[in-house]
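Inspection log for the structure reproduced underneath, given as structure tokens.
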Amino acid sequence: MSLLERAIEIAVTAHKDQVDKASKPYILHPLRLMFKMQTENEMIAAVLHDVVEDMDWTIEKLVVEGFDEEVITAVKLLTHNKKVLYKKYIEAIKTNKIALKVKLADLEDNMDIKRIAHPKFRDYARLAEYLKYYNELKKLV
């Protein structure tokens with residue numbers, strides 16, 4: 001099994017029974033991001049970008065799985081510790097090409113308001129926040 005296949009398997013298992021804000025299977029989100037990437041390491045980082053933040057996976061477990069240091073670094077940066085201000089989290093992402101590329105795709109996907117059948121004010125407020133950080137990151141590519 002390739003590392004990309006293993007990453008997909010981990011993500012599918014980690015996000016099992018999880019749904020997004022549109023009540024769709026959450027796994028579709030990291031898969032959409034994966035398809036926007038070019039290199040294998042970008043694809044792996046994209047598909048794994050939420051497994052540590054949202055689930056029982058740890059960076060250490062991903063290291064044991066044999067993922068490349070480049071992937072591990074990107075996933076670490078993409079994992080938002082809620083104790084860290086979002087602005088600082090975004091600043092750290094700016095330091096890594098793969099994390100930057102995945103985060104831009106993540107924000108693009110999260111800004112797709114069409115996925116939500118009946119958007120509410122909070123959805124538009126979240127969209128405005130995402131757009132602010134998207135524009136900030138987009139300047140770097």
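How things are named: the first chain in the structure tokens is A, the next is B, and so on; residues count from 1 in each chain; ligands count from 1 in the order shown.
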Practice prompt. Apply DSSP to the backbone of this structure and, from segment 27-74 of chain A, keep only the residues in alpha helix (DSSP H); write these as a PyMOL selection string.
Written response: chain A and resi 28-35+40-48+51-54+59-64+69-74
Return as a Markdown table the residues of segment 27-86 of chain A lying at most 7 Å from segment 99-120 of chain A, together with the closest atom-to-atom pair for each and the distance in Å to one decimal, counting only C-alpha atoms, with rows in chain order and ascending residue number.
```
| residue | atom | partner | partner_atom | distance |
| --- | --- | --- | --- | --- |
| A:Leu33 | CA | A:Ala105 | CA | 5.8 |
| A:Ala46 | CA | A:Val102 | CA | 5.6 |
| A:Ala74 | CA | A:Ala99 | CA | 4.7 |
| A:Leu77 | CA | A:Ala99 | CA | 6.5 |
| A:Leu78 | CA | A:Ala99 | CA | 6.1 |
```
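The smallest atom-to-atom distance between Met1 of chain A and any of A:Glu129, A:Glu65, A:Asp123, A:Glu136, using only C-alpha atoms, is found for A:Glu65.
Minimum atom-to-atom distance to Ile10 of chain A, evaluated using only C-alpha atoms, belongs to A:Thr58 out of A:Thr73, A:Thr79, A:Thr58, A:Asn135.
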Worksheet item: Could you pull the residues within 10 Å of Asp56 of chain A, counting only C-alpha atoms, minus those fewer than 5 positions along the same chain, as a PyMOL selection string?
Response: chain A and resi 14+51+61
Give me, as JSON lines, each residue of segment 12-71 of chain A that comes within 12 Å of segment 80-85 of chain A, together with its shortest interatomic pair and the distance in Å at one decimal, counting only C-alpha atoms, with rows ordered by chain and rising residue number.
```
{"residue": "A:His49", "atom": "CA", "partner": "A:His80", "partner_atom": "CA", "distance": 9.9}
{"residue": "A:Asp50", "atom": "CA", "partner": "A:His80", "partner_atom": "CA", "distance": 8.9}
{"residue": "A:Val51", "atom": "CA", "partner": "A:His80", "partner_atom": "CA", "distance": 11.1}
{"residue": "A:Val52", "atom": "CA", "partner": "A:His80", "partner_atom": "CA", "distance": 9.1}
{"residue": "A:Glu53", "atom": "CA", "partner": "A:His80", "partner_atom": "CA", "distance": 6.4}
{"residue": "A:Asp54", "atom": "CA", "partner": "A:His80", "partner_atom": "CA", "distance": 9.5}
```
Response to the item:
Pairwise distance, atom CA of Ala7 of chain A with atom CA of Lys88 of chain A, equals 27.1 Å
Fill in: Point-to-point distance in Å for atom CA of Pro25 of chain A and atom CA of Tyr130 of chain A
21.3 Å
Practice prompt. Write out as an MDAnalysis selection string which residues come within 12 Å of Gly66 of chain A when counting only C-alpha atoms, dropping same-chain ones fewer than 4 positions away.
Written response: chainID A and resid 1:4 6:7 44 59:62 70:72
